[in-house]
Structures are given as structure tokens and as C-alpha cells.
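Chemist: Take a look at data16.txt, compact mmCIF, C-alpha atoms:
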# COMPACT_ATOMS: atom_id res chain seq x y z
CA MET A 1 118.72 96.28 164.26
CA SER A 2 118.97 96.12 160.52
CA GLU A 3 116.89 93.31 159.05
CA GLY A 4 116.08 92.09 162.57
CA LYS A 5 119.59 90.85 163.27
CA LEU A 6 122.33 92.26 165.45
CA ASN A 7 125.01 91.50 162.86
CA GLY A 8 123.20 93.87 160.49
CA GLY A 9 124.05 96.77 162.77
CA VAL A 10 122.03 99.08 164.95
CA ASN A 11 120.19 102.12 163.61
CA PRO A 12 121.60 105.09 165.58
CA LEU A 13 118.58 107.24 164.70
CA GLY A 14 116.26 104.59 166.12
CA VAL A 15 118.29 104.42 169.34
CA LYS A 16 118.29 108.23 169.58
CA PHE A 17 114.51 108.33 169.08
CA TYR A 18 113.89 105.91 171.95
CA ASN A 19 116.51 107.53 174.20
CA ASP A 20 114.85 110.91 173.63
CA LEU A 21 111.38 109.44 174.23
CA ILE A 22 112.43 107.70 177.45
CA ASN A 23 114.18 110.83 178.72
CA GLU A 24 111.18 113.03 177.90
CA LEU A 25 108.84 110.67 179.75
CA LEU A 26 111.11 110.59 182.80
CA ASP A 27 111.56 114.39 182.71
CA ASN A 28 107.77 114.65 182.98
CA GLY A 29 107.46 112.23 185.88
CA ILE A 30 106.29 109.27 183.78
CA LYS A 31 107.90 105.88 184.42
CA PRO A 32 107.94 104.00 181.11
CA LEU A 33 106.75 100.42 180.87
CA VAL A 34 108.39 98.92 177.79
CA THR A 35 106.90 96.05 175.81
CA LEU A 36 109.76 94.45 173.90
CA TRP A 37 107.61 92.75 171.26
CA HIS A 38 104.16 94.01 170.24
CA PHE A 39 103.21 92.29 166.96
CA ASP A 40 106.25 93.81 165.24
CA THR A 41 108.36 90.93 163.97
CA PRO A 42 110.78 92.18 161.30
CA GLN A 43 109.68 91.14 157.82
CA ALA A 44 113.24 90.04 157.07
CA LEU A 45 112.98 87.30 159.71
CA GLU A 46 109.68 86.13 158.26
CA ASP A 47 111.21 86.03 154.79
CA GLU A 48 114.42 84.30 155.90
CA TYR A 49 113.08 81.56 158.16
CA ASP A 50 109.33 82.02 158.88
CA SER A 51 110.06 83.91 162.12
CA TRP A 52 108.11 82.33 165.01
CA LEU A 53 107.93 78.95 163.27
CA SER A 54 111.70 78.56 163.49
CA PRO A 55 113.91 78.02 166.53
CA LYS A 56 116.24 80.64 164.99
CA ILE A 57 113.89 83.32 166.31
CA VAL A 58 115.03 82.65 169.88
CA LYS A 59 118.59 83.86 169.23
CA ASP A 60 117.52 86.87 167.20
CA TYR A 61 114.95 87.86 169.84
CA LEU A 62 117.56 87.42 172.58
CA ASP A 63 120.04 89.63 170.71
CA TYR A 64 117.32 92.28 170.39
CA VAL A 65 116.30 92.23 174.06
CA ASP A 66 119.95 92.24 175.13
CA LEU A 67 120.44 95.41 173.09
CA CYS A 68 117.35 96.98 174.69
CA PHE A 69 118.37 96.02 178.24
CA LYS A 70 121.91 97.31 177.66
CA THR A 71 120.88 100.54 175.91
CA PHE A 72 117.78 101.58 177.84
CA GLY A 73 117.84 99.53 181.04
CA ASP A 74 119.52 102.21 183.12
CA ARG A 75 116.23 104.13 182.91
CA ILE A 76 113.60 101.42 182.41
CA LYS A 77 112.31 99.68 185.53
CA PHE A 78 109.35 97.88 183.97
CA TRP A 79 109.74 95.44 181.07
CA VAL A 80 107.18 93.19 179.35
CA THR A 81 108.74 90.59 177.08
CA MET A 82 105.78 90.11 174.72
CA ASN A 83 102.29 91.43 174.18
CA GLU A 84 99.61 88.74 173.91
CA PRO A 85 101.63 85.98 172.25
CA ASN A 86 98.62 83.67 172.56
CA GLY A 87 96.53 86.03 170.44
CA HIS A 88 99.25 86.28 167.83
CA CYS A 89 99.63 82.50 167.68
CA MET A 90 95.92 82.04 167.07
CA MET A 91 95.30 85.03 164.82
CA GLY A 92 98.56 84.77 162.87
CA TYR A 93 98.92 81.00 162.55
CA ASP A 94 95.41 79.54 162.99
CA THR A 95 92.93 81.99 161.47
CA GLY A 96 95.34 84.03 159.36
CA ILE A 97 93.81 87.34 160.42
CA PHE A 98 97.06 88.83 161.80
CA ALA A 99 100.46 88.77 160.13
CA PRO A 100 101.96 86.53 158.90
CA GLY A 101 98.52 85.43 157.71
CA ARG A 102 99.03 81.68 157.87
CA CYS A 103 96.30 79.06 158.27
CA SER A 104 94.96 75.88 156.71
CA SER A 105 93.22 76.11 153.36
CA TYR A 106 89.87 75.11 154.90
CA VAL A 107 89.83 78.43 156.76
CA GLY A 108 89.48 80.03 153.35
CA ASN A 109 91.65 83.13 153.51
CA CYS A 110 95.22 81.75 153.52
CA THR A 111 97.51 80.42 150.82
CA VAL A 112 99.99 78.78 153.22
CA GLY A 113 99.97 77.35 156.70
CA ASN A 114 98.71 74.55 158.90
CA SER A 115 96.22 75.55 161.58
CA ALA A 116 96.62 72.20 163.33
CA THR A 117 100.33 72.61 164.12
CA GLU A 118 101.68 76.10 163.45
CA PRO A 119 100.00 77.92 166.37
CA TYR A 120 101.64 75.45 168.75
CA ILE A 121 105.05 75.66 167.09
CA ALA A 122 104.94 79.46 167.27
CA ALA A 123 103.77 79.33 170.91
CA HIS A 124 106.67 77.02 171.75
CA HIS A 125 109.16 79.53 170.31
CA TYR A 126 107.47 82.42 172.14
CA LEU A 127 107.86 80.55 175.42
CA LEU A 128 111.51 79.76 174.71
CA SER A 129 112.16 83.39 173.75
CA HIS A 130 110.43 84.73 176.85
CA ALA A 131 112.36 82.33 179.10
CA ALA A 132 115.66 83.25 177.44
CA ALA A 133 114.94 86.98 177.90
CA VAL A 134 114.08 86.54 181.59
CA GLN A 135 117.17 84.42 182.19
CA LEU A 136 119.38 86.96 180.41
CA TYR A 137 117.99 89.84 182.46
CA ARG A 138 118.32 88.04 185.75
CA GLN A 139 121.88 86.90 185.08
CA LYS A 140 123.30 89.99 183.39
CA TYR A 141 121.29 93.09 184.30
CA GLN A 142 119.05 92.71 187.34
CA VAL A 143 121.66 93.51 189.99
CA SER A 144 122.96 96.66 188.30
CA GLN A 145 119.66 97.95 186.88
CA LYS A 146 117.47 97.11 189.88
CA MET A 147 114.30 96.48 187.93
CA ILE A 148 111.21 97.01 190.06
CA SER A 149 109.00 94.33 188.47
CA ASP A 150 110.08 91.02 187.04
CA VAL A 151 110.45 90.68 183.29
Take the structure I supplied and represent it as C-alpha cells, if you would.

Modeler:
Amino acid sequence: MSEGKLNGGVNPLGVKFYNDLINELLDNGIKPLVTLWHFDTPQALEDEYDSWLSPKIVKDYLDYVDLCFKTFGDRIKFWVTMNEPNGHCMMGYDTGIFAPGRCSSYVGNCTVGNSATEPYIAAHHYLLSHAAAVQLYRQKYQVSQKMISDV
């Protein structure tokens, strides 16, 4: 998705890459387990609305996972919505060690952020995004795709 949004279009070369990868794994007897988010928030969403600090992230994340379920779900039986969101909340919004590098000034290595509130705001939006993805899968894809493990 261009700039992290569905309305920006889908990169056909990116889709082809992942289709080829999934097919190659399956052809070799490997069942892929796909993590939908692994510390890879598009920079455009950070620039536009501070990504995980904004409720707007829920819709953009849901558009992204819907695209993944629709495009790859016929072959993927194991999905993970997010990798270690708790670690990202703490390291990205409390200590500033991970992107987006936000924390309170007393931490000493950040120019913006609030370690007292931002980790919790981001965590709230992760939970909402995860719940929305699970609900979408269960309502729209689970019957036809027959996922083995729950999202």
C-alpha cells in the first residue's frame, strides 16, 4: 500500500514478491506463519498523524490486514496480528530506543514525547487494531479460508 494507505494503491511488485514467497514455501512443504505487523509502521503514517498515537491507525491497519487476508489468505493458515506490541510501546514511546524514538526529556535521548502517557495511548490503539483485525477475519474470511489457528 502506497504511503501506508489503501487509497494510495497497492504495489503489484510487492504483492508478486509475497505471492511467490508463499508459493515457494508451500511447494517445499513449509506452512507459512505470517506476522502482519513487525515493527514496520509506514513512515508516512508517522509523519501524517503520529501513527500509533492516533486512532486513525486503526482504520489504516484494518485496510492493510484486509488486503493481506484477501490476497494471501487462501494459502495462509496461521496469522499473527502483531509482534510484541508491548515492547514497541515501551521502547518506542517510553525509552525512545525503537522508532519512532519518543520519550520524555528526562530520559535524555528524545526531542519529543511523553513517557507518562504515550506508551499507554499507543497500547490502546494496538489493542483496538488487533481486535478489529480478529473481528474482520472471523466475520469475513474464517469460513472460506478455514484458518487453523486463531488470529

Chemist: Would you please work out which residue, of A:Leu136, A:Cys110, A:Leu128, A:Met147, is nearest to Ile57 in chain A when using all atoms listed in the file?

Modeler: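 Once distances to Ile57 in chain A are computed over all atoms listed in the file, the minimum belongs to A:Leu128.
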
Chemist: I'd like to know which of A:Asp60, A:Asp74, A:Asp66, A:Asp50 is closest to Tyr93 in chain A, using only C-alpha atoms.

Modeler: A:Asp50

Chemist: Write out as a list in words which residues come within 12 Å of Val80 in chain A when counting all atoms listed in the file, dropping same-chain ones fewer than 3 positions away.

Modeler: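 Skipping anything fewer than 3 positions along the chain leaves Pro32, Leu33, Val34, Thr35, Leu36, Trp37, His38, Val65, Cys68, Phe69, Ile76, Lys77, Asn83, Glu84, Pro85, His130, Ala133, Val134, Tyr137, Met147, Ser149, Asp150 and Val151 of chain A.
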
Chemist: List every protein, DNA or RNA residue that has an atom no more than 12 Å from (99.8, 84.4, 169.2) in the file's coordinate frame, counting only C-alpha atoms, and report them as a PyMOL selection string.

Modeler: chain A and resi 37-39+41+52-53+82-102+118-127

Chemist: Which is closest to Leu62 in chain A among A:Cys103, A:Val10, A:Thr81, A:Lys31, if we use only C-alpha atoms?

Modeler: A:Thr81

Chemist: When you count all atoms listed in the file, which of these residues is closest to Glu46 in chain A: A:Tyr61, A:Gly4, A:Gly9, A:Gly73?

Modeler: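 Between A:Tyr61, A:Gly4, A:Gly9, A:Gly73, the residue approaching Glu46 in chain A most closely is A:Gly4.
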
Chemist: Is there a way to get, as a list in words, all residues within 10 Å of the point (91.2, 72.5, 155.5) in file coordinates, counting all atoms listed in the file?

Modeler: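 The residues that fall inside the cut-off are Cys103, Ser104, Ser105, Tyr106, Val107, Gly108, Asn114, Ser115 and Ala116 of chain A.
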
Chemist: Work out how far CA of Asp47 in chain A is from CA of Asn19 in chain A, in Å to one decimal.

Modeler: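 Between CA of Asn19 in chain A and CA of Asp47 in chain A the gap is 29.4 Å.
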
Chemist: Between A:Met1, A:Leu21, A:Val15, A:Ala131, which residue has the minimum interatomic distance to Leu45 in chain A, considering all atoms listed in the file?

Modeler: A:Met1

Chemist: Between A:Lys16, A:Gly113, A:Leu67, A:Tyr49, single out the one closest to Lys140 in chain A, counting only C-alpha atoms.

Modeler: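 Among the listed residues, A:Leu67 lies closest to Lys140 in chain A.
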
Chemist: What gap, in Å, lies between CA of Gln142 in chain A and CA of Ile22 in chain A?

Modeler: 19.1 Å

Chemist: As an exercise, work out the distance from CA of Asn28 in chain A to CA of Arg138 in chain A in Å and give it to one decimal place.

Modeler: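 Computing it gives 28.8 Å between the two atoms.
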
Chemist: May I have the centre and edge lengths, in Å to one decimal, of an axis-aligned box around the listed atoms of range 34-49 of chain A with 8 Å added to every side, as AutoDock Vina command-line options?

Modeler:
--center_x 108.8 --center_y 90.2 --center_z 166.3 --size_x 27.2 --size_y 33.4 --size_z 39.0
